[in-house]
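Dropping coords.pdb in here (PDB, C-alpha atoms):
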ATOM      1  CA  MET A   1     -16.779  21.754 -36.425
ATOM      2  CA  ARG A   2     -17.233  19.752 -39.625
ATOM      3  CA  HIS A   3     -20.838  18.884 -40.542
ATOM      4  CA  THR A   4     -22.170  16.441 -43.131
ATOM      5  CA  ILE A   5     -25.609  17.510 -44.357
ATOM      6  CA  SER A   6     -27.963  15.371 -46.452
ATOM      7  CA  ILE A   7     -30.534  17.189 -48.575
ATOM      8  CA  LEU A   8     -33.349  15.778 -50.689
ATOM      9  CA  VAL A   9     -34.228  18.078 -53.588
ATOM     10  CA  GLU A  10     -36.460  18.036 -56.618
ATOM     11  CA  ASN A  11     -34.319  16.956 -59.553
ATOM     12  CA  GLU A  12     -34.780  20.011 -61.721
ATOM     13  CA  PHE A  13     -32.738  22.625 -63.543
ATOM     14  CA  GLY A  14     -31.024  25.197 -61.305
ATOM     15  CA  VAL A  15     -31.343  23.459 -57.916
ATOM     16  CA  LEU A  16     -27.581  23.121 -57.455
ATOM     17  CA  THR A  17     -27.140  26.798 -58.312
ATOM     18  CA  ARG A  18     -29.760  27.814 -55.763
ATOM     19  CA  VAL A  19     -28.185  25.763 -52.976
ATOM     20  CA  ALA A  20     -24.672  27.003 -53.792
ATOM     21  CA  GLY A  21     -26.000  30.565 -54.055
ATOM     22  CA  LEU A  22     -27.514  30.323 -50.590
ATOM     23  CA  PHE A  23     -24.108  29.414 -49.175
ATOM     24  CA  SER A  24     -22.143  32.058 -51.054
ATOM     25  CA  ALA A  25     -24.662  34.846 -50.322
ATOM     26  CA  ARG A  26     -24.252  34.245 -46.601
ATOM     27  CA  GLY A  27     -20.482  33.769 -46.660
ATOM     28  CA  TYR A  28     -20.576  30.032 -45.875
ATOM     29  CA  ASN A  29     -18.212  27.618 -47.580
ATOM     30  CA  ILE A  30     -19.086  24.236 -49.074
ATOM     31  CA  GLU A  31     -16.051  22.000 -48.591
ATOM     32  CA  THR A  32     -17.417  19.080 -50.633
ATOM     33  CA  LEU A  33     -20.602  18.439 -52.549
ATOM     34  CA  ASN A  34     -22.004  15.280 -54.136
ATOM     35  CA  VAL A  35     -25.320  15.064 -55.984
ATOM     36  CA  ALA A  36     -27.073  12.078 -57.563
ATOM     37  CA  PRO A  37     -30.657  11.104 -58.400
ATOM     38  CA  LEU A  38     -32.490   8.536 -56.279
ATOM     39  CA  GLN A  39     -34.407   5.541 -57.623
ATOM     40  CA  ASP A  40     -37.251   8.024 -58.092
ATOM     41  CA  ARG A  41     -35.393  10.060 -60.735
ATOM     42  CA  THR A  42     -37.474  13.175 -59.922
ATOM     43  CA  ILE A  43     -35.573  13.494 -56.616
ATOM     44  CA  SER A  44     -31.843  13.885 -55.984
ATOM     45  CA  ARG A  45     -29.825  13.529 -52.822
ATOM     46  CA  MET A  46     -27.133  16.078 -52.078
ATOM     47  CA  THR A  47     -24.452  15.374 -49.522
ATOM     48  CA  LEU A  48     -22.444  18.417 -48.567
ATOM     49  CA  VAL A  49     -19.780  19.090 -45.996
ATOM     50  CA  THR A  50     -19.386  22.481 -44.385
ATOM     51  CA  ARG A  51     -17.911  23.881 -41.183
ATOM     52  CA  GLY A  52     -19.498  25.981 -38.493
ATOM     53  CA  ASP A  53     -20.765  26.046 -34.957
ATOM     54  CA  GLU A  54     -24.213  24.755 -34.046
ATOM     55  CA  ARG A  55     -25.835  28.183 -34.499
ATOM     56  CA  ILE A  56     -24.470  28.576 -38.029
ATOM     57  CA  ILE A  57     -25.466  25.023 -39.021
ATOM     58  CA  GLU A  58     -28.978  25.559 -37.658
ATOM     59  CA  GLN A  59     -29.219  28.772 -39.722
ATOM     60  CA  ILE A  60     -28.002  26.929 -42.839
ATOM     61  CA  LYS A  61     -30.621  24.198 -42.339
ATOM     62  CA  LYS A  62     -33.406  26.781 -41.884
ATOM     63  CA  GLN A  63     -32.349  28.659 -45.032
ATOM     64  CA  LEU A  64     -32.103  25.430 -47.046
ATOM     65  CA  ASN A  65     -35.605  24.408 -45.933
ATOM     66  CA  LYS A  66     -36.947  27.714 -47.301
ATOM     67  CA  LEU A  67     -35.765  26.943 -50.842
ATOM     68  CA  ILE A  68     -38.671  25.716 -52.989
ATOM     69  CA  PRO A  69     -36.934  22.670 -54.564
ATOM     70  CA  VAL A  70     -35.653  21.440 -51.166
ATOM     71  CA  ILE A  71     -37.760  18.595 -49.758
ATOM     72  CA  LYS A  72     -35.826  17.625 -46.636
ATOM     73  CA  VAL A  73     -32.597  18.547 -44.792
ATOM     74  CA  GLU A  74     -30.695  16.555 -42.169
ATOM     75  CA  ASP A  75     -27.362  17.139 -40.432
ATOM     76  CA  ILE A  76     -26.137  13.575 -39.892
ATOM     77  CA  SER A  77     -23.004  14.657 -38.017
ATOM     78  CA  HIS A  78     -24.541  13.956 -34.602
ATOM     79  CA  THR A  79     -26.148  10.647 -35.585
ATOM     80  CA  VAL A  80     -24.560   7.240 -35.836
ATOM     81  CA  HIS A  81     -23.645   7.188 -39.503
ATOM     82  CA  LEU A  82     -21.185   5.904 -42.069
ATOM     83  CA  GLU A  83     -19.099   8.066 -44.371
ATOM     84  CA  ARG A  84     -17.089   6.975 -47.379
ATOM     85  CA  GLY A  85     -15.209   8.755 -50.123
ATOM     86  CA  MET A  86     -13.643   7.620 -53.357
ATOM     87  CA  LEU A  87     -10.165   8.404 -54.663
ATOM     88  CA  MET A  88      -8.808   7.760 -58.129
ATOM     89  CA  VAL A  89      -5.073   8.273 -58.441
ATOM     90  CA  LYS A  90      -2.749   7.955 -61.422
ATOM     91  CA  VAL A  91       0.787   7.030 -60.398
ATOM     92  CA  LYS A  92       3.998   6.394 -62.271
ATOM     93  CA  ALA A  93       4.349   2.650 -62.599
ATOM     94  CA  GLY A  94       7.571   1.468 -64.077
ATOM     95  CA  ALA A  95       8.137  -2.290 -64.113
ATOM     96  CA  GLU A  96      10.307  -1.984 -60.981
ATOM     97  CA  HIS A  97       7.382  -0.618 -58.910
ATOM     98  CA  CYS A  98       4.518  -2.611 -60.382
ATOM     99  CA  GLU A  99       4.481  -5.416 -57.766
ATOM    100  CA  THR A 100       4.740  -2.938 -54.888
ATOM    101  CA  LEU A 101       1.852  -0.871 -56.252
ATOM    102  CA  LEU A 102      -0.276  -3.976 -56.764
ATOM    103  CA  GLY A 103       0.482  -5.003 -53.174
ATOM    104  CA  LEU A 104      -0.553  -1.574 -51.911
ATOM    105  CA  ALA A 105      -3.757  -1.786 -53.942
ATOM    106  CA  GLU A 106      -4.528  -5.218 -52.477
ATOM    107  CA  LYS A 107      -3.769  -4.012 -48.937
ATOM    108  CA  HIS A 108      -6.420  -1.263 -49.298
ATOM    109  CA  ASP A 109      -8.938  -3.304 -51.359
ATOM    110  CA  ALA A 110      -8.388  -0.987 -54.324
ATOM    111  CA  LYS A 111      -9.256  -1.660 -57.926
ATOM    112  CA  VAL A 112      -6.747  -1.275 -60.712
ATOM    113  CA  VAL A 113      -8.813   0.540 -63.333
ATOM    114  CA  ASP A 114      -6.028   1.211 -65.855
ATOM    115  CA  ASP A 115      -2.658  -0.507 -66.027
ATOM    116  CA  HIS A 116       0.231   0.417 -68.285
ATOM    117  CA  ILE A 117       3.237  -1.206 -66.638
ATOM    118  CA  ASP A 118       5.636   0.810 -68.765
ATOM    119  CA  SER A 119       4.254   4.220 -67.724
ATOM    120  CA  HIS A 120       1.372   4.524 -65.250
ATOM    121  CA  MET A 121      -1.379   2.867 -63.265
ATOM    122  CA  ILE A 122      -4.769   4.253 -62.192
ATOM    123  CA  LEU A 123      -6.042   2.940 -58.851
ATOM    124  CA  GLU A 124      -9.506   3.377 -57.315
ATOM    125  CA  PHE A 125      -9.799   3.461 -53.517
ATOM    126  CA  THR A 126     -12.889   3.827 -51.339
ATOM    127  CA  GLY A 127     -12.977   4.374 -47.597
ATOM    128  CA  GLN A 128     -13.014   6.918 -44.849
ATOM    129  CA  VAL A 129     -11.704  10.303 -45.967
ATOM    130  CA  GLU A 130      -8.875  10.218 -43.418
ATOM    131  CA  VAL A 131      -7.762   6.802 -44.717
ATOM    132  CA  LEU A 132      -7.739   8.130 -48.282
ATOM    133  CA  ASP A 133      -5.470  10.977 -47.143
ATOM    134  CA  GLY A 134      -3.075   8.377 -45.733
ATOM    135  CA  ILE A 135      -3.142   6.370 -48.953
ATOM    136  CA  LEU A 136      -2.071   9.460 -50.886
ATOM    137  CA  SER A 137       0.916   9.791 -48.540
ATOM    138  CA  GLU A 138       1.826   6.152 -49.206
ATOM    139  CA  LEU A 139       1.679   6.729 -52.961
ATOM    140  CA  GLU A 140       3.740   9.943 -53.052
ATOM    141  CA  PRO A 141       7.130   8.169 -53.303
ATOM    142  CA  PHE A 142       6.008   6.487 -56.555
ATOM    143  CA  GLY A 143       5.171   9.819 -58.194
ATOM    144  CA  ILE A 144       1.555  10.904 -58.298
ATOM    145  CA  ILE A 145       0.608  12.147 -61.755
ATOM    146  CA  GLU A 146      -3.019  13.068 -61.092
ATOM    147  CA  THR A 147      -5.762  12.632 -58.485
ATOM    148  CA  THR A 148      -9.490  13.111 -58.308
ATOM    149  CA  ARG A 149     -11.768  12.339 -55.414
ATOM    150  CA  THR A 150     -15.221  12.713 -54.007
ATOM    151  CA  GLY A 151     -16.029  14.264 -50.720
ATOM    152  CA  PRO A 152     -17.630  12.039 -48.150
ATOM    153  CA  LEU A 153     -20.964  10.425 -48.814
ATOM    154  CA  GLY A 154     -22.861   9.786 -45.609
ATOM    155  CA  MET A 155     -25.763   7.656 -44.494
ATOM    156  CA  ARG A 156     -27.377   7.067 -41.117
ATOM    157  CA  ARG A 157     -27.028   3.578 -39.706
ATOM    158  CA  GLY A 158     -30.154   1.597 -38.898
ATOM    159  CA  ALA A 159     -33.259   0.462 -40.726
ATOM    160  CA  LYS A 160     -34.857   3.897 -41.139
ATOM    161  CA  GLY A 161     -34.018   5.657 -44.413
ATOM    162  CA  PHE A 162     -33.665   9.310 -45.350
ATOM    163  CA  THR A 163     -36.550   9.413 -47.805
ATOM    164  CA  VAL A 164     -39.385  11.731 -48.729
ATOM    165  CA  ASP A 165     -41.833   9.568 -46.759
ATOM    166  CA  SER A 166     -39.879   9.335 -43.487
TER     167      SER A 166
END
If you took the structure in this file and wrote it as structure tokens, what would it be?
Amino acid sequence: MRHTISILVENEFGVLTRVAGLFSARGYNIETLNVAPLQDRTISRMTLVTRGDERIIEQIKKQLNKLIPVIKVEDISHTVHLERGMLMVKVKAGAEHCETLLGLAEKHDAKVVDDHIDSHMILEFTGQVEVLDGILSELEPFGIIETTRTGPLGMRRGAKGFTVDS
């Protein structure tokens, strides 16, 4: 089963290496990983996606909690939460396809971040990871030149936050 894990860590040199090393040393795979500092710039939030049964995920959480720079770990997969990813895609955009591409962008609330009608267009999409996969399928006939994307970012619903204090 796929699990989305949120981790609060001290924002210091080598933390990412230590977390990744924990996974690789035990033969676990990180499917996606996103890291960014919080408002308190001394703390960062990691969101990672991995796969495993409940026993493996519990072991991962215990091992993560043993790392010195780790402040807090939560598997949000079994909570009511929201997940979103971002996709940037560069597609061929000759004048004959420009209107169709703009219509597709509008349909999915995308932003056009770079537009060269004679050669290419870069579009930015955000949404559920499965929806982003579908968008890529819709864009294939135009000729995808390049893609880059984040893995899912996740957050519990409700008023309570995932913070150092809670």
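For the choices A:Ala105, A:Val19, A:Val73, A:Val49, the atom-to-atom distance to Val89 (chain A) is smallest for A:Ala105 when using all atoms listed in the file.
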Exercise. Any idea what's packed within 9 Å of Glu146 (chain A), counting only C-alpha atoms, ignoring anything in its chain fewer than 3 positions away? Could you give it as a list in words?
Worked result: Met88, Val89, Lys90 and Val91 of chain A
Exercise. Between A:His78, A:His108, A:Arg55, A:Arg26, which is the closest to Val131 (chain A) once you count all atoms listed in the file?
Worked result: A:His108
Exercise. Counting only C-alpha atoms, which of A:Glu58, A:Asp115, A:Glu31, A:Asp40 gets nearest to Val164 (chain A)?
Worked result: A:Asp40
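Around the point (-23.7, 25.4, -39.7), within 10 Å and counting all atoms listed in the file, we find these residues: Met1, Arg2, His3, Thr4, Ile5, Tyr28, Asn29, Val49, Thr50, Arg51, Gly52, Asp53, Glu54, Arg55, Ile56, Ile57, Glu58, Gln59, Ile60, Lys61 and Asp75 of chain A.
Atom pair CA of Leu136 (chain A) / CA of Ala20 (chain A): separated by 28.8 Å.
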